[in-house]
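J.: This is the structure I have questions about; it appears just below.
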Amino acid sequence: MDFISTRVNNLAQSQTLAMSQKSNELKAQGIDVINLSVGEPDFNTPDHIKEAAKRAIDDNFSFYSPVPGYMSLRKAVSEKLLRENGVSFRPEQIVVSGGAKQALCNVILATVNPGDEVIIPTPAWVSYVEMVKLAEGKNVLVPAGIESDFKITPSQLEAAITPRTRMLLLCSPSNPTGSVYTKEELAALVDVLSRYPDIIVLADEIYEHINYTGSFTSLASFEAIADRTVVVNGVSKAYAMTGWRIGYCAAPLAIAKACTKLQGQYTSGASSIAQKAAEAAYTGSQQCVEDMRLAFERRRNLVVRLAREIPGLKVNEPNGAFYLFPEVSSYFGKSCGDRKINDASDLAMYLLDVGHVATVSGDAFCAPGYIRLSYATSDENIAEAMKRIAEALSKLK
Ligand code: PMP
Ligand code: GLU
């Protein structure tokens, strides 16, 4: 007897988390694995944020928080959006959740009806398509390869739109590719969207601050789509707070209210202590964000240089986030002893078993010819990992 619902049976396991788990298991067995699988900053949360959380405990922030989050945090987010992105969302339009992941899922569940189409440019982060499946929506994947810097064109977007299109879900800077749409590129997509007033634009801006281009444009800043754009962001990446689980959506009021209703039935408000920490992140000095960004940029330069020295990898220069997404299909069909590499998943497992480096197969991101490497780790780890990858790949004939 299978006790599991079709809904969950049809869901794929998160490959990013699964690879990281596998790498931790091997480490626990004493194997020296370098983990480039999960994407999370390796820095500790800055001290002033930790102090705020300790104060919150002493000040007895131990009761249920309001379902959409403390008003003081929603105000801080509203001010952040105006200050940094030039966009205006009232605190009532902001719903704080257990990470950007929950914020995204809330918005999708709150707006997508069964059969509605959601356009997702690929490569795309692992959870989007699964969240759309949960909502019984239909994923419409629009592929963009390394030759177009993993960015879709306005004509690709237009060709994907049908009368059933409910939403466009765009992530920039992108996980897994690191690509960042310029203001002009976004404007060209907005030009298309302005002709389709019923499409909700869901902008995943979680990597906003991990950006090496010197500028960031929020999709919500375009007047033509401002009244139907939902921004999702949070503290996980910018402030090295992945474990605190605080993210938010900033949305048209009706969508914010719907997310609050949904969240009120299945999680309630996010952790009270973590919310006070997030408030300190948004209202305190932003120097920590820049310090971490500089470290990520230095590592980006290192990983790109080393990856380009490895024969058979096609490597672009990512402009944001902390991922490298090389094209690896030249290794498909090759073997090491009796181990044959048929696809990117085989290659990721081979690199783990033989090279002791954990990566994630592009298959998890709807991009079969690639693997993802997270370079949110020390320069030493990056250098050693790339050496191991080069050695393991050189054994494939
Ligand atoms: N969106 C993207 C593109 C991500 O990479 C992540 C990281 N897991 C999330 C959302 C979710 O972040 P959070 O830790 O805030 O749930
Ligand atoms: N965003 C990170 C990643 O893609 C964290 C893991 C996850 O939530 O999927 O690796």
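Just remember, in the structure tokens the first chain shown is A, the second B, etc., residues are 1-based per chain, and ligands are 1-based in the order shown.
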Within 9 Å of ligand 1, which residues of chain A show up? Give each one with its shortest atom-to-atom distance in Å (one decimal) and the two atoms involved, counting only C-alpha atoms and all ligand atoms, rows by chain then rising residue number, as a tab-separated table.

T.:
```
residue	atom	partner	partner_atom_place_in_ligand_line	distance
A:Thr16	CA	ligand 1	8 (N)	8.6
A:Val38	CA	ligand 1	8 (N)	8.3
A:Gly39	CA	ligand 1	7 (C)	6.6
A:Glu40	CA	ligand 1	7 (C)	7.3
A:Ser97	CA	ligand 1	15 (O)	8.7
A:Gly98	CA	ligand 1	16 (O)	6.8
A:Gly99	CA	ligand 1	16 (O)	3.5
A:Ala100	CA	ligand 1	15 (O)	3.6
A:Lys101	CA	ligand 1	16 (O)	3.7
A:Gln102	CA	ligand 1	16 (O)	6.4
A:Ala103	CA	ligand 1	16 (O)	7.8
A:Leu104	CA	ligand 1	10 (C)	7.4
A:Ala124	CA	ligand 1	3 (C)	7.9
A:Trp125	CA	ligand 1	3 (C)	5.5
A:Val126	CA	ligand 1	3 (C)	8.4
A:Ser127	CA	ligand 1	1 (N)	8.1
A:Tyr128	CA	ligand 1	1 (N)	8.4
A:Cys171	CA	ligand 1	3 (C)	6.2
A:Ser172	CA	ligand 1	3 (C)	8.2
A:Pro173	CA	ligand 1	3 (C)	8.3
A:Ser174	CA	ligand 1	3 (C)	6.4
A:Asn175	CA	ligand 1	3 (C)	4.8
A:Pro176	CA	ligand 1	5 (O)	7.5
A:Asp204	CA	ligand 1	1 (N)	6.0
A:Glu205	CA	ligand 1	1 (N)	7.6
A:Ile206	CA	ligand 1	1 (N)	5.8
A:Tyr207	CA	ligand 1	3 (C)	7.2
A:Val232	CA	ligand 1	10 (C)	8.0
A:Asn233	CA	ligand 1	15 (O)	7.1
A:Gly234	CA	ligand 1	15 (O)	5.3
A:Val235	CA	ligand 1	15 (O)	6.5
A:Ser236	CA	ligand 1	15 (O)	4.9
A:Lys237	CA	ligand 1	14 (O)	7.2
A:Met241	CA	ligand 1	14 (O)	7.8
A:Thr242	CA	ligand 1	14 (O)	4.9
A:Gly243	CA	ligand 1	14 (O)	7.3
A:Trp244	CA	ligand 1	14 (O)	8.3
A:Arg245	CA	ligand 1	14 (O)	6.0
A:Ile246	CA	ligand 1	15 (O)	6.0
A:Gly247	CA	ligand 1	15 (O)	5.0
A:Tyr248	CA	ligand 1	15 (O)	8.2
A:Ala321	CA	ligand 1	5 (O)	8.5
```

J.: Okay, now the selection with N, CA and C atoms, as a compact mmCIF listing (two decimals), in the first residue's frame?

T.:
```txt
# COMPACT_ATOMS: atom_id res chain seq x y z
N THR A 16 19.56 19.90 -5.61
CA THR A 16 20.62 20.70 -4.96
C THR A 16 20.80 20.20 -3.53
N VAL A 38 25.53 22.60 -3.07
CA VAL A 38 24.48 23.52 -2.60
C VAL A 38 24.95 24.96 -2.73
N GLY A 39 24.00 25.83 -3.04
CA GLY A 39 24.36 27.23 -3.19
C GLY A 39 24.06 28.01 -1.93
N GLU A 40 25.06 28.17 -1.08
CA GLU A 40 24.86 29.05 0.07
C GLU A 40 26.18 29.69 0.45
N SER A 97 8.01 35.41 4.81
CA SER A 97 7.80 33.95 4.83
C SER A 97 9.04 33.22 5.30
N GLY A 98 8.94 31.90 5.37
CA GLY A 98 10.07 31.05 5.75
C GLY A 98 11.02 30.88 4.58
N GLY A 99 11.72 31.95 4.24
CA GLY A 99 12.64 31.91 3.10
C GLY A 99 11.96 32.36 1.82
N ALA A 100 12.80 32.76 0.86
CA ALA A 100 12.27 33.13 -0.46
C ALA A 100 11.56 31.94 -1.09
N LYS A 101 11.99 30.74 -0.72
CA LYS A 101 11.38 29.53 -1.27
C LYS A 101 9.89 29.49 -0.93
N GLN A 102 9.56 29.74 0.33
CA GLN A 102 8.14 29.73 0.68
C GLN A 102 7.42 30.91 0.02
N ALA A 103 8.10 32.05 -0.06
CA ALA A 103 7.47 33.23 -0.69
C ALA A 103 7.10 32.91 -2.13
N LEU A 104 8.01 32.26 -2.86
CA LEU A 104 7.74 31.89 -4.25
C LEU A 104 6.56 30.93 -4.35
N ALA A 124 16.82 26.82 -15.22
CA ALA A 124 16.07 27.45 -14.14
C ALA A 124 16.32 26.72 -12.83
N TRP A 125 16.22 27.44 -11.77
CA TRP A 125 16.42 26.86 -10.44
C TRP A 125 15.46 25.69 -10.22
N VAL A 126 15.95 24.67 -9.54
CA VAL A 126 15.27 23.38 -9.39
C VAL A 126 13.82 23.45 -8.92
N SER A 127 13.49 24.39 -8.06
CA SER A 127 12.19 24.32 -7.40
C SER A 127 11.04 24.94 -8.20
N TYR A 128 11.36 25.80 -9.18
CA TYR A 128 10.26 26.48 -9.88
C TYR A 128 9.26 25.49 -10.50
N CYS A 171 14.36 34.94 -13.10
CA CYS A 171 15.36 35.01 -12.03
C CYS A 171 16.62 35.69 -12.56
N SER A 172 16.93 36.87 -12.03
CA SER A 172 18.15 37.57 -12.44
C SER A 172 18.66 38.39 -11.26
N PRO A 173 19.95 38.26 -10.91
CA PRO A 173 20.94 37.30 -11.39
C PRO A 173 20.42 35.87 -11.21
N SER A 174 20.84 35.02 -12.15
CA SER A 174 20.22 33.70 -12.24
C SER A 174 20.97 32.61 -11.47
N ASN A 175 20.18 31.78 -10.82
CA ASN A 175 20.62 30.47 -10.38
C ASN A 175 19.99 29.52 -11.40
N PRO A 176 20.74 28.73 -12.16
CA PRO A 176 22.11 28.28 -11.94
C PRO A 176 23.17 28.94 -12.83
N ASP A 204 12.27 36.78 -9.28
CA ASP A 204 13.07 36.24 -8.18
C ASP A 204 14.38 37.02 -8.14
N GLU A 205 14.49 37.93 -7.16
CA GLU A 205 15.65 38.83 -7.11
C GLU A 205 16.55 38.51 -5.91
N ILE A 206 16.55 37.23 -5.52
CA ILE A 206 17.28 36.82 -4.32
C ILE A 206 18.80 37.04 -4.45
N TYR A 207 19.32 37.05 -5.69
CA TYR A 207 20.77 37.28 -5.88
C TYR A 207 21.10 38.72 -6.23
N VAL A 232 10.26 38.77 -5.32
CA VAL A 232 10.63 37.89 -4.21
C VAL A 232 12.10 38.11 -3.90
N ASN A 233 12.40 38.26 -2.63
CA ASN A 233 13.77 38.47 -2.21
C ASN A 233 13.88 37.98 -0.77
N GLY A 234 15.03 38.17 -0.15
CA GLY A 234 15.19 37.70 1.23
C GLY A 234 16.60 37.90 1.71
N VAL A 235 16.86 37.42 2.90
CA VAL A 235 18.17 37.68 3.52
C VAL A 235 19.18 36.54 3.34
N SER A 236 18.72 35.39 2.81
CA SER A 236 19.61 34.21 2.76
C SER A 236 20.95 34.49 2.12
N LYS A 237 20.93 35.06 0.93
CA LYS A 237 22.17 35.17 0.15
C LYS A 237 22.93 36.45 0.49
N MET A 241 22.48 34.29 5.52
CA MET A 241 21.50 33.89 6.54
C MET A 241 20.61 32.75 6.05
N THR A 242 21.20 31.78 5.34
CA THR A 242 20.36 30.72 4.76
C THR A 242 19.57 29.94 5.81
N GLY A 243 20.17 29.72 6.95
CA GLY A 243 19.51 28.89 7.97
C GLY A 243 18.44 29.64 8.77
N TRP A 244 18.41 30.97 8.67
CA TRP A 244 17.45 31.73 9.45
C TRP A 244 16.04 31.65 8.85
N ARG A 245 15.97 31.39 7.57
CA ARG A 245 14.73 31.19 6.83
C ARG A 245 13.80 32.41 6.82
N ILE A 246 14.31 33.51 6.27
CA ILE A 246 13.45 34.67 6.09
C ILE A 246 13.55 35.17 4.65
N GLY A 247 12.40 35.22 4.00
CA GLY A 247 12.29 35.80 2.66
C GLY A 247 10.97 36.56 2.61
N TYR A 248 10.69 37.18 1.48
CA TYR A 248 9.42 37.90 1.39
C TYR A 248 8.97 38.03 -0.05
N ALA A 321 25.37 36.06 -8.91
CA ALA A 321 25.17 34.85 -8.10
C ALA A 321 26.54 34.20 -7.81
```

J.: So which residues of region 21-69 of chain A fall under alpha helix (DSSP H) by DSSP, listed as a list in words?

T.: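 Here is the list: Gln21, Lys22, Ser23, Asn24, Glu25, Leu26, Lys27, Ala28, Asp47, His48, Ile49, Lys50, Glu51, Ala52, Ala53, Lys54, Arg55, Ala56, Ile57 and Asp58 of chain A.
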
J.: Interatomic distance between CA of Met19 (chain A) and CA of Val360 (chain A)?

T.: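 Going from CA of Met19 (chain A) over to CA of Val360 (chain A), I get 6.6 Å.
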
J.: Pick from A:Val107, A:Ala238, A:Leu73, A:Leu352: nearest to Ile200 (chain A), with only C-alpha atoms counted?

T.: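 Ranked by minimum distance to Ile200 (chain A), first place goes to A:Val107.
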
J.: Which polymer residues have any atom within 12 Å of an atom of Ile31 (chain A), counting only C-alpha atoms, with same-chain residues fewer than 3 positions away left out, as a VMD selection string?

T.: chain A and resid 22 to 28 34 to 35 352 to 358

J.: Please write the residues from the selection above to a file, keeping N, CA, C and O atoms, as a tab-separated table (two decimals), in the first residue's frame.

T.:
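Full text of again-v9.tsv as output:
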```
chain	number	residue	atom	x	y	z
A	22	LYS	N	24.33	14.07	0.04
A	22	LYS	CA	25.20	12.96	-0.34
A	22	LYS	C	26.65	13.31	-0.02
A	22	LYS	O	27.41	12.48	0.50
A	23	SER	N	27.02	14.54	-0.32
A	23	SER	CA	28.38	14.97	-0.05
A	23	SER	C	28.66	14.96	1.46
A	23	SER	O	29.73	14.52	1.90
A	24	ASN	N	27.68	15.38	2.25
A	24	ASN	CA	27.87	15.36	3.70
A	24	ASN	C	27.99	13.93	4.23
A	24	ASN	O	28.77	13.65	5.16
A	25	GLU	N	27.24	13.01	3.62
A	25	GLU	CA	27.32	11.60	4.05
A	25	GLU	C	28.72	11.04	3.78
A	25	GLU	O	29.30	10.35	4.62
A	26	LEU	N	29.25	11.37	2.60
A	26	LEU	CA	30.60	10.88	2.27
A	26	LEU	C	31.63	11.48	3.21
A	26	LEU	O	32.55	10.81	3.67
A	27	LYS	N	31.45	12.76	3.52
A	27	LYS	CA	32.36	13.42	4.47
A	27	LYS	C	32.31	12.73	5.82
A	27	LYS	O	33.34	12.51	6.45
A	28	ALA	N	31.09	12.36	6.26
A	28	ALA	CA	30.93	11.69	7.56
A	28	ALA	C	31.64	10.34	7.56
A	28	ALA	O	32.07	9.85	8.61
A	34	ILE	N	34.93	17.89	-1.56
A	34	ILE	CA	34.73	19.35	-1.64
A	34	ILE	C	33.32	19.57	-2.18
A	34	ILE	O	32.97	19.08	-3.26
A	35	ASN	N	32.53	20.31	-1.42
A	35	ASN	CA	31.11	20.44	-1.77
A	35	ASN	C	30.86	21.71	-2.57
A	35	ASN	O	30.80	22.81	-2.03
A	352	LEU	N	31.84	13.13	-8.31
A	352	LEU	CA	31.74	12.92	-6.87
A	352	LEU	C	32.53	11.67	-6.46
A	352	LEU	O	33.35	11.70	-5.54
A	353	ASP	N	32.29	10.56	-7.16
A	353	ASP	CA	32.91	9.28	-6.77
A	353	ASP	C	34.41	9.26	-7.04
A	353	ASP	O	35.18	8.76	-6.24
A	354	VAL	N	34.82	9.79	-8.19
A	354	VAL	CA	36.22	9.68	-8.60
A	354	VAL	C	37.02	10.92	-8.20
A	354	VAL	O	38.15	10.82	-7.72
A	355	GLY	N	36.42	12.10	-8.38
A	355	GLY	CA	37.15	13.34	-8.06
A	355	GLY	C	36.90	13.85	-6.65
A	355	GLY	O	37.59	14.74	-6.19
A	356	HIS	N	35.88	13.29	-6.00
A	356	HIS	CA	35.47	13.76	-4.67
A	356	HIS	C	35.11	15.24	-4.67
A	356	HIS	O	35.48	16.00	-3.76
A	357	VAL	N	34.41	15.65	-5.73
A	357	VAL	CA	33.88	17.01	-5.80
A	357	VAL	C	32.39	16.89	-6.08
A	357	VAL	O	31.97	16.23	-7.04
A	358	ALA	N	31.59	17.52	-5.21
A	358	ALA	CA	30.13	17.48	-5.42
A	358	ALA	C	29.68	18.67	-6.26
A	358	ALA	O	29.99	19.82	-5.93
```

J.: Near region 44-57 of chain A, within 10 Å and counting only C-alpha atoms, which residues show up once chain neighbours fewer than 6 positions away are dropped, as a VMD selection string?

T.: chain A and resid 236 238 to 244 272 to 285 288 to 289

J.: List the neighbours of Thr359 (chain A) out to 12 Å using only C-alpha atoms; skip same-chain residues closer than 4 positions along the sequence, and give me the result as a PyMOL selection string.

T.: chain A and resi 15-23+33-39+176+323-326+344-353+355+363-364+370-375+385-386+389

J.: Go ahead and compute the interatomic distance for CA of Leu294 (chain A) and atom 2 (C, counted along the ligand's line) of ligand 2, in Å to one decimal.

T.: 19.7 Å

J.: Pick the closest to Phe222 (chain A) from A:Arg305, A:Lys395, A:Lys387, A:Lys183: which is it, counting only C-alpha atoms?

T.: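 For Phe222 (chain A), the nearest of the candidates is A:Lys183.
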
J.: For ligand 2, which residue among A:Val77, A:Cys249, A:Leu82, A:Ala376 is the nearest when counting only C-alpha atoms and all ligand atoms?

T.: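 Smallest separation from ligand 2 among the options: A:Ala376.
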
J.: Would you list, as a list in words, the residues of region 154-236 of chain A that end up in strand (DSSP E or B) under DSSP run on this structure's backbone?

T.: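 Matching residues, listed in order: Thr165, Arg166, Met167, Leu168, Leu169, Leu170, Cys171, Ile200, Val201, Leu202, Ala203, Asp204, Asn211, Thr229, Val230, Val231, Val232, Asn233 and Gly234 of chain A.
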
J.: Restricting the output to N, CA and C atoms, write the selected residues as a JSON list (two decimals), in the first residue's frame.

T.:
```json
[["chain", "number", "residue", "atom", "x", "y", "z"],
["A", 165, "THR", "N", -1.54, 31.76, -20.67],
["A", 165, "THR", "CA", -0.38, 32.19, -19.88],
["A", 165, "THR", "C", -0.83, 32.99, -18.67],
["A", 166, "ARG", "N", -0.39, 32.56, -17.51],
["A", 166, "ARG", "CA", -0.76, 33.23, -16.28],
["A", 166, "ARG", "C", 0.41, 34.04, -15.72],
["A", 167, "MET", "N", 1.63, 33.53, -15.95],
["A", 167, "MET", "CA", 2.78, 34.10, -15.24],
["A", 167, "MET", "C", 4.07, 33.90, -16.03],
["A", 168, "LEU", "N", 4.96, 34.90, -15.87],
["A", 168, "LEU", "CA", 6.36, 34.72, -16.29],
["A", 168, "LEU", "C", 7.18, 34.72, -15.00],
["A", 169, "LEU", "N", 8.05, 33.73, -14.87],
["A", 169, "LEU", "CA", 8.90, 33.64, -13.67],
["A", 169, "LEU", "C", 10.35, 33.87, -14.10],
["A", 170, "LEU", "N", 10.90, 35.00, -13.73],
["A", 170, "LEU", "CA", 12.25, 35.34, -14.18],
["A", 170, "LEU", "C", 13.20, 35.52, -12.99],
["A", 171, "CYS", "N", 14.36, 34.94, -13.10],
["A", 171, "CYS", "CA", 15.36, 35.01, -12.03],
["A", 171, "CYS", "C", 16.62, 35.69, -12.56],
["A", 200, "ILE", "N", 1.03, 37.84, -14.90],
["A", 200, "ILE", "CA", 1.72, 38.24, -13.67],
["A", 200, "ILE", "C", 3.22, 38.01, -13.89],
["A", 201, "VAL", "N", 4.03, 38.96, -13.44],
["A", 201, "VAL", "CA", 5.47, 38.80, -13.56],
["A", 201, "VAL", "C", 6.02, 38.51, -12.17],
["A", 202, "LEU", "N", 6.61, 37.33, -12.03],
["A", 202, "LEU", "CA", 7.20, 36.96, -10.74],
["A", 202, "LEU", "C", 8.71, 37.07, -10.88],
["A", 203, "ALA", "N", 9.29, 38.05, -10.17],
["A", 203, "ALA", "CA", 10.72, 38.33, -10.30],
["A", 203, "ALA", "C", 11.45, 37.81, -9.07],
["A", 204, "ASP", "N", 12.27, 36.78, -9.28],
["A", 204, "ASP", "CA", 13.07, 36.24, -8.18],
["A", 204, "ASP", "C", 14.38, 37.02, -8.14],
["A", 211, "ASN", "N", 26.31, 40.54, -7.49],
["A", 211, "ASN", "CA", 26.20, 41.06, -8.84],
["A", 211, "ASN", "C", 27.51, 41.78, -9.15],
["A", 229, "THR", "N", 3.54, 43.06, -11.03],
["A", 229, "THR", "CA", 4.83, 42.43, -10.78],
["A", 229, "THR", "C", 4.97, 42.10, -9.29],
["A", 230, "VAL", "N", 5.42, 40.89, -9.03],
["A", 230, "VAL", "CA", 5.68, 40.45, -7.66],
["A", 230, "VAL", "C", 7.19, 40.24, -7.53],
["A", 231, "VAL", "N", 7.78, 40.90, -6.55],
["A", 231, "VAL", "CA", 9.21, 40.72, -6.30],
["A", 231, "VAL", "C", 9.38, 39.74, -5.14],
["A", 232, "VAL", "N", 10.26, 38.77, -5.32],
["A", 232, "VAL", "CA", 10.63, 37.89, -4.21],
["A", 232, "VAL", "C", 12.10, 38.11, -3.90],
["A", 233, "ASN", "N", 12.40, 38.26, -2.63],
["A", 233, "ASN", "CA", 13.77, 38.47, -2.21],
["A", 233, "ASN", "C", 13.88, 37.98, -0.77],
["A", 234, "GLY", "N", 15.03, 38.17, -0.15],
["A", 234, "GLY", "CA", 15.19, 37.70, 1.23],
["A", 234, "GLY", "C", 16.60, 37.90, 1.71]]
```

J.: Using only C-alpha atoms, which protein or nucleic acid residues come within 12 Å of Ser215 (chain A)? Drop anything in the same chain fewer than 4 positions from it, and give the result as a VMD selection string.

T.: chain A and resid 84 to 85 172 to 173 180 to 184 208 to 211 319 to 320

J.: Using only C-alpha atoms, which of A:Ile120, A:Cys336, A:Cys105, A:Ile161 sits nearest Leu141 (chain A)?

T.: A:Ile120

J.: Find, counting only C-alpha atoms and all ligand atoms, the residue in A:Asp59, A:Ser271, A:Phe365, A:Pro114 that gets nearest to ligand 2.

T.: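 Between A:Asp59, A:Ser271, A:Phe365, A:Pro114, the residue approaching ligand 2 most closely is A:Phe365.
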
J.: Just the number, please: distance in Å from atom 5 (C, counted along the ligand's line) of ligand 2 to CA of Gly362 (chain A), one decimal.

T.: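 Separation between atom 5 (C, counted along the ligand's line) of ligand 2 and CA of Gly362 (chain A): 14.7 Å.
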
J.: Choose the residue, out of A:Val190, A:Phe322, A:Asp149, A:Val304, that has the smallest atom-to-atom separation from ligand 2; count only C-alpha atoms and all ligand atoms.

T.: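 Smallest distance to ligand 2 is found for A:Phe322.
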
J.: Do you know which residues are at most 12 Å from Ala160 (chain A) counting only C-alpha atoms, after dropping those on the same chain fewer than 4 positions away, and could you put them as a count of residues only?

T.: 22
